[in-house]
Amino acid sequence: MGIEVKGTLGLAQLLAAVAAALLLPIVTRVGPALLPPPEDAAAGDDEEEEEEESPANDVTPTPTPVTICWTRITCSLSDKHGHTVRFLLANVSGQAKPGSLLAIMGPSGSGKTTLLNVLAGQLSASPHLRLSGHLHINGRPVSTGGYKIAYVRQEDLFFSQLTVRETLSLASELQLPDTFSPENKQKYINDLLFKLGLVNCADSIVGDAKVRGISGGEKKRLSLACELIASPSVIFADEPTTGLDAFQAEKVMETLKQLAEDGHTVICTIHQPRSSVYAKFDDLILLSEGLMVYAGPAKEEPLSYFATLGYQCPDHVNPAEFLADLISIDYSSTEGVFSSRKRIDELIEVFATRVPINDCTSPVMKLNGADMGAKAGRKSVVKKRSGPQGWWRQFRLLLKRAWMQAFRDGPTNKVRARMSVASAVIFGSVFWRIGRSQTSIQDRMGLLQVAAINTAMAALTKTVGVFPKERAIVDRERAKGSYQLGPYLLSKLLAEIPVSASFPLLFGTILYPMSRLHPTITRFAKFCGIVTVESFAASAMGLTVGAMVPTTEAAMALGPSLMTVFIVFGGYYVNSDNTPVIFRWIPRVSLIRWAFQGLCINEFTGLEFEQKQSYDIQTGEQVLERLSFGGSRIKDTIVAQGRILMFWYWTTYLLLKKNRPKYQPLLLPPSAPTESPATNKLQEIRSENGVVF
Ligand SMILES: Nc1ncnc2c1ncn2[C@@H]1O[C@H](COP(=O)(O)OP(=O)(O)OP(=O)(O)O)[C@@H](O)[C@H]1O
């Protein structure tokens, strides 16, 4: 795979250099090693050596029963002086059992997602957060999750051009151990497609905002399927029905219920489900402003419980709606706020005084995990790295995926092709058939600068528009230990070469003859080669920008601003000899400058101009001298661009490596539990002046 631009200087050498740079770590064993994530590393040698039960011979394995029990989970937010300003969760306790579906309900901002993240060991670390409490798995303490989980997040992220089956196949190749035979993998995928109701859309592409693909509900079930590949014991789903219509929401919840019946421990957050969805819950936790209003069996029990407190659910009312209204603050009027807050405070206090804190280490809790309890507690500290073991195997799989994504993305490629043709025609018309007069010198320089800017901007904006989203997928996959960064970045670079090279080539092929630049085939080929390499360097810079900032919007703002600096020092506006000393380094790292310099050398060398006055410029070499480009070669400019490309790739690599998600550690609670912790906490918080709660 690669491009062939005959006569293009050093392109093959450049690519070889990039490949060598990315491969170097394997050869020298420095850089991206197959290290397990920090929590794995902390797991200790015993657990490290112990393999999670492999589903290699059992195509649809039964999950290891896992009971999660948590007590006194408190998460507080502090200001920059370290003073607690808010409690996101206060003394929350509960348990989730294998074979049951636990729903965490509550109004918006009540702490549902925070609790789910804490239980999954995936609460994003922040210096302003403090997290404490006890979390036990089958009676054994776990500080930061560590058990084998699936986490289905609110946002479904996929490579849009892959079909459902391809997405699952690649996920299985990346996650399942090599001991799994291809036939078993195929059967495993087919079983998952069937189990999650994805058979009918198995060969449809996932799609995105540009190309319609599968429905929202199907995407959610595909997310679940991808998570289920590793055969997790616990499934967390954050608002799995949000954004779905009633039918799709029902189907997703049916799937979760089925998974619970299959022996998984399923925990989901949900806003206000319809009654048929509510009927599927086995257990329920009601949260209001981070405090527990109810925790226990679902269905009729919560209604009976609140009826004893004087809050009767009217006939023919959706129980979920009744409960949601009961624990929500009514902001419609001042009296409404006062009375609803009073009601919720009472409910919190009553629940805290009536219900004892569960003992997570009790023998009963251990028994919930059946015979395998203790074993699962130990074995559940899993080796996340169960994916393909070989670097080359990862590279091959990722190359295939990157190629399918780049090659099949018809709408994006069409837009890029149209933009290349349109800009080439516009610039070709403006600079139509440049002659050899003295004034043509300025035109040539202007055209070459415009060509360099246009090529770089097109590549940069395309990359920054796409990469932040792809990075989110890659972060998730890497968090599961599916692959390393080296094969990912190299596969991306190689897979995108043919598609990305075609646009600058198209641009050059139209512009060059229209403007009648130096009319030889070799010069034309070199022109195309220079802009193509520049396009790769600009894409690499786009990757760095995308890896640096959290969103596409931020990348879109930062990328072009950064490029503007490189344009100013691109060799046309400021002569490098006149650049102030403190800015001298900028032209050296400006890909626009090197592209412009290369294009100028290619164009002006050997060119003669019409001379009317004795002081007129006679040769192209004189022009190059005036631009301070005299004496340098095209080869040097290509090497410089290659170095810039490598620099941006390495920076991207380091940024992605450094920016892997960090999770908040779970600390032990400050003191022994009191009789009614939530009440105490509530009073403590209410009595603190200025504390928002
Ligand atoms: N890292 C954080 N820093 C500051 N505030 C936070 C942080 N994480 C959560 N919060 C705040 O904690 C509260 C609870 O957030 P959470 O996302 O858990 O609520 P939720 O019940 O899931 O809401 P929704 O249903 O709207 O998603 C919110 O007010 C949120 O702004």
# chains A, B, ... in the order shown; residues from 1 in each chain; ligands from 1

$ closest_atom_pairs --of "chain A" --to "ligand 1" --cutoff "6 Å" --atoms "only C-alpha atoms and all ligand atoms" --output "tab-separated table"
residue	atom	partner	partner_atom_place_in_ligand_line	distance
A:Leu88	CA	ligand 1	12 (O)	4.9
A:Ser108	CA	ligand 1	26 (O)	3.6
A:Gly109	CA	ligand 1	19 (O)	3.5
A:Ser110	CA	ligand 1	21 (O)	3.9
A:Gly111	CA	ligand 1	18 (O)	3.2
A:Lys112	CA	ligand 1	21 (O)	3.9
A:Thr113	CA	ligand 1	22 (O)	3.7
A:Thr114	CA	ligand 1	18 (O)	3.7

$ write_last_selection --atoms "C-alpha atoms" --output "mmCIF file, in the first residue's frame"
data_model
loop_
_atom_site.group_PDB
_atom_site.id
_atom_site.type_symbol
_atom_site.label_atom_id
_atom_site.label_comp_id
_atom_site.auth_asym_id
_atom_site.auth_seq_id
_atom_site.Cartn_x
_atom_site.Cartn_y
_atom_site.Cartn_z
ATOM 1 C CA LEU A 88 -22.351 14.946 45.084
ATOM 2 C CA SER A 108 -31.326 15.317 36.906
ATOM 3 C CA GLY A 109 -28.202 16.158 38.890
ATOM 4 C CA SER A 110 -29.092 13.818 41.765
ATOM 5 C CA GLY A 111 -25.802 11.916 41.428
ATOM 6 C CA LYS A 112 -26.884 8.837 39.437
ATOM 7 C CA THR A 113 -23.986 8.900 36.990
ATOM 8 C CA THR A 114 -21.543 9.788 39.771
#

$ closest_atom_pairs --of "stretch 145-216 of chain A" --to "stretch 459-480 of chain A" --cutoff "12 Å" --atoms "only C-alpha atoms" --output "tab-separated table"
residue	atom	partner	partner_atom	distance
A:Gly146	CA	A:Lys480	CA	11.5
A:Lys148	CA	A:Lys480	CA	10.0
A:Ile149	CA	A:Lys480	CA	9.8
A:Ala150	CA	A:Lys480	CA	9.6
A:Tyr151	CA	A:Arg476	CA	9.9
A:Val152	CA	A:Arg476	CA	10.7
A:Arg153	CA	A:Arg476	CA	10.3
A:Glu155	CA	A:Ala472	CA	10.2
A:Asp156	CA	A:Ile473	CA	9.2
A:Leu157	CA	A:Ile473	CA	6.0
A:Phe158	CA	A:Ile473	CA	6.7
A:Phe159	CA	A:Glu470	CA	7.5
A:Ser160	CA	A:Glu470	CA	10.0
A:Leu170	CA	A:Glu477	CA	11.3
A:Ala171	CA	A:Glu477	CA	8.8
A:Ser172	CA	A:Glu477	CA	11.6
A:Leu174	CA	A:Glu477	CA	8.9
A:Gln175	CA	A:Lys480	CA	8.1
A:Leu176	CA	A:Lys480	CA	11.3
A:Asp208	CA	A:Lys469	CA	11.5

$ select_by_dssp --residues "stretch 445-575 of chain A" --states "helix (DSSP H, G or I)" --output "PyMOL selection string"
chain A and resi 445-479+485-515+521-548+552-568

$ atom_distance --atom1 "atom CA of A:Thr619" --atom2 "atom CA of A:Leu517"
15.0 Å

$ closest_atom_pairs --of "stretch 86-119 of chain A" --to "stretch 332-352 of chain A" --cutoff "12 Å" --atoms "only C-alpha atoms" --output "CSV"
residue,atom,partner,partner_atom,distance
A:Ala90,CA,A:Ile348,CA,11.1
A:Asn91,CA,A:Ala352,CA,9.5
A:Val92,CA,A:Ala352,CA,9.9
A:Ser93,CA,A:Ala352,CA,10.2
A:Gly106,CA,A:Ile344,CA,11.8

$ residues_around --residues "A:Gly390" --least-positions-apart "5" --cutoff "10 Å" --atoms "only C-alpha atoms" --output "JSON, numbers by chain"
{"A": [34, 178, 395, 396, 483]}

$ residues_around --residues "stretch 568-571 of chain A" --least-positions-apart "6" --cutoff "7 Å" --atoms "only C-alpha atoms" --output "PyMOL selection string"
chain A and resi 586-587+590+592-593+596

$ residues_around --residues "A:Ser304" --least-positions-apart "6" --cutoff "12 Å" --atoms "only C-alpha atoms" --output "PDB file with N, CA and C atoms, in the first residue's frame"
ATOM      1  N   TYR A 294     -34.541   5.909  48.890  1.00  0.00           N
ATOM      2  CA  TYR A 294     -35.008   4.529  48.982  1.00  0.00           C
ATOM      3  C   TYR A 294     -33.947   3.621  48.360  1.00  0.00           C
ATOM      4  N   GLY A 296     -33.816  -0.751  47.762  1.00  0.00           N
ATOM      5  CA  GLY A 296     -34.398  -2.046  48.085  1.00  0.00           C
ATOM      6  C   GLY A 296     -35.043  -2.650  46.873  1.00  0.00           C
ATOM      7  N   PRO A 297     -35.943  -3.613  47.091  1.00  0.00           N
ATOM      8  CA  PRO A 297     -36.589  -4.245  45.942  1.00  0.00           C
ATOM      9  C   PRO A 297     -37.411  -3.226  45.142  1.00  0.00           C
ATOM     10  N   ALA A 298     -37.574  -3.470  43.876  1.00  0.00           N
ATOM     11  CA  ALA A 298     -38.363  -2.566  43.025  1.00  0.00           C
ATOM     12  C   ALA A 298     -39.827  -3.039  43.005  1.00  0.00           C
ATOM     13  N   GLY A 310     -47.385   7.968  54.086  1.00  0.00           N
ATOM     14  CA  GLY A 310     -48.462   8.899  53.730  1.00  0.00           C
ATOM     15  C   GLY A 310     -48.443   9.346  52.286  1.00  0.00           C
ATOM     16  N   TYR A 311     -47.618   8.736  51.470  1.00  0.00           N
ATOM     17  CA  TYR A 311     -47.580   9.119  50.053  1.00  0.00           C
ATOM     18  C   TYR A 311     -48.066   7.941  49.217  1.00  0.00           C
ATOM     19  N   GLN A 312     -49.346   7.988  48.887  1.00  0.00           N
ATOM     20  CA  GLN A 312     -49.996   6.884  48.188  1.00  0.00           C
ATOM     21  C   GLN A 312     -49.909   7.111  46.679  1.00  0.00           C
ATOM     22  N   CYS A 313     -49.492   6.110  45.959  1.00  0.00           N
ATOM     23  CA  CYS A 313     -49.464   6.229  44.494  1.00  0.00           C
ATOM     24  C   CYS A 313     -50.900   6.077  43.974  1.00  0.00           C
ATOM     25  N   PRO A 314     -51.428   7.087  43.272  1.00  0.00           N
ATOM     26  CA  PRO A 314     -52.809   6.976  42.780  1.00  0.00           C
ATOM     27  C   PRO A 314     -52.946   5.820  41.774  1.00  0.00           C
ATOM     28  N   PRO A 319     -45.888   4.057  38.210  1.00  0.00           N
ATOM     29  CA  PRO A 319     -45.162   4.132  39.489  1.00  0.00           C
ATOM     30  C   PRO A 319     -43.863   4.931  39.375  1.00  0.00           C
ATOM     31  N   LEU A 323     -42.842   8.108  41.661  1.00  0.00           N
ATOM     32  CA  LEU A 323     -41.618   8.153  42.468  1.00  0.00           C
ATOM     33  C   LEU A 323     -40.748   9.349  42.057  1.00  0.00           C
TER      34      LEU A 323
END

$ select_by_dssp --residues "stretch 259-475 of chain A" --states "strand (DSSP E)" --output "list in words"
Thr265, Val266, Ile267, Cys268, Thr269, Ile270, Asp283, Leu284, Ile285, Leu286, Leu287, Ser288, Leu291, Met292, Val293, Tyr294, Ala295, Gly296 and Pro297 of chain A

$ write_last_selection --atoms "N, CA and C atoms" --output "PDB file, in the first residue's frame"
ATOM      1  N   THR A 265     -24.629  -9.204  36.699  1.00  0.00           N
ATOM      2  CA  THR A 265     -25.107  -8.192  37.647  1.00  0.00           C
ATOM      3  C   THR A 265     -25.289  -6.927  36.816  1.00  0.00           C
ATOM      4  N   VAL A 266     -26.513  -6.426  36.713  1.00  0.00           N
ATOM      5  CA  VAL A 266     -26.756  -5.289  35.824  1.00  0.00           C
ATOM      6  C   VAL A 266     -27.188  -4.075  36.656  1.00  0.00           C
ATOM      7  N   ILE A 267     -26.479  -2.966  36.446  1.00  0.00           N
ATOM      8  CA  ILE A 267     -26.815  -1.722  37.148  1.00  0.00           C
ATOM      9  C   ILE A 267     -26.990  -0.636  36.091  1.00  0.00           C
ATOM     10  N   CYS A 268     -28.131   0.043  36.119  1.00  0.00           N
ATOM     11  CA  CYS A 268     -28.311   1.123  35.147  1.00  0.00           C
ATOM     12  C   CYS A 268     -28.874   2.360  35.838  1.00  0.00           C
ATOM     13  N   THR A 269     -28.592   3.497  35.248  1.00  0.00           N
ATOM     14  CA  THR A 269     -29.251   4.720  35.719  1.00  0.00           C
ATOM     15  C   THR A 269     -30.369   5.017  34.741  1.00  0.00           C
ATOM     16  N   ILE A 270     -31.399   5.634  35.226  1.00  0.00           N
ATOM     17  CA  ILE A 270     -32.534   5.926  34.345  1.00  0.00           C
ATOM     18  C   ILE A 270     -33.300   7.106  34.918  1.00  0.00           C
ATOM     19  N   ASP A 283     -34.353  -4.379  41.490  1.00  0.00           N
ATOM     20  CA  ASP A 283     -34.017  -3.553  42.648  1.00  0.00           C
ATOM     21  C   ASP A 283     -33.990  -2.094  42.229  1.00  0.00           C
ATOM     22  N   LEU A 284     -34.118  -1.241  43.230  1.00  0.00           N
ATOM     23  CA  LEU A 284     -34.227   0.181  42.918  1.00  0.00           C
ATOM     24  C   LEU A 284     -33.478   1.009  43.962  1.00  0.00           C
ATOM     25  N   ILE A 285     -32.781   2.024  43.490  1.00  0.00           N
ATOM     26  CA  ILE A 285     -32.204   3.025  44.402  1.00  0.00           C
ATOM     27  C   ILE A 285     -32.750   4.370  43.949  1.00  0.00           C
ATOM     28  N   LEU A 286     -33.305   5.115  44.894  1.00  0.00           N
ATOM     29  CA  LEU A 286     -33.795   6.452  44.568  1.00  0.00           C
ATOM     30  C   LEU A 286     -32.847   7.464  45.195  1.00  0.00           C
ATOM     31  N   LEU A 287     -32.336   8.347  44.375  1.00  0.00           N
ATOM     32  CA  LEU A 287     -31.413   9.378  44.867  1.00  0.00           C
ATOM     33  C   LEU A 287     -32.030  10.748  44.681  1.00  0.00           C
ATOM     34  N   SER A 288     -31.800  11.607  45.649  1.00  0.00           N
ATOM     35  CA  SER A 288     -32.193  12.997  45.476  1.00  0.00           C
ATOM     36  C   SER A 288     -31.057  13.848  46.021  1.00  0.00           C
ATOM     37  N   LEU A 291     -28.393  12.075  48.021  1.00  0.00           N
ATOM     38  CA  LEU A 291     -28.778  11.313  49.221  1.00  0.00           C
ATOM     39  C   LEU A 291     -29.787  10.240  48.856  1.00  0.00           C
ATOM     40  N   MET A 292     -29.803   9.173  49.664  1.00  0.00           N
ATOM     41  CA  MET A 292     -30.709   8.059  49.365  1.00  0.00           C
ATOM     42  C   MET A 292     -32.094   8.310  49.934  1.00  0.00           C
ATOM     43  N   VAL A 293     -33.084   8.112  49.085  1.00  0.00           N
ATOM     44  CA  VAL A 293     -34.464   8.233  49.540  1.00  0.00           C
ATOM     45  C   VAL A 293     -35.051   6.825  49.694  1.00  0.00           C
ATOM     46  N   TYR A 294     -34.541   5.909  48.890  1.00  0.00           N
ATOM     47  CA  TYR A 294     -35.008   4.529  48.982  1.00  0.00           C
ATOM     48  C   TYR A 294     -33.947   3.621  48.360  1.00  0.00           C
ATOM     49  N   ALA A 295     -33.777   2.447  48.925  1.00  0.00           N
ATOM     50  CA  ALA A 295     -32.937   1.409  48.305  1.00  0.00           C
ATOM     51  C   ALA A 295     -33.514   0.072  48.725  1.00  0.00           C
ATOM     52  N   GLY A 296     -33.816  -0.751  47.762  1.00  0.00           N
ATOM     53  CA  GLY A 296     -34.398  -2.046  48.085  1.00  0.00           C
ATOM     54  C   GLY A 296     -35.043  -2.650  46.873  1.00  0.00           C
ATOM     55  N   PRO A 297     -35.943  -3.613  47.091  1.00  0.00           N
ATOM     56  CA  PRO A 297     -36.589  -4.245  45.942  1.00  0.00           C
ATOM     57  C   PRO A 297     -37.411  -3.226  45.142  1.00  0.00           C
TER      58      PRO A 297
END

$ closest_residue --among "A:Ala320, A:Asn659, A:Phe629, A:Leu326" --to "A:Pro550" --atoms "only C-alpha atoms"
A:Asn659

$ closest_residue --among "A:Thr242, A:Asn138, A:Thr651, A:Ser502" --to "A:Met541" --atoms "only C-alpha atoms"
A:Thr651
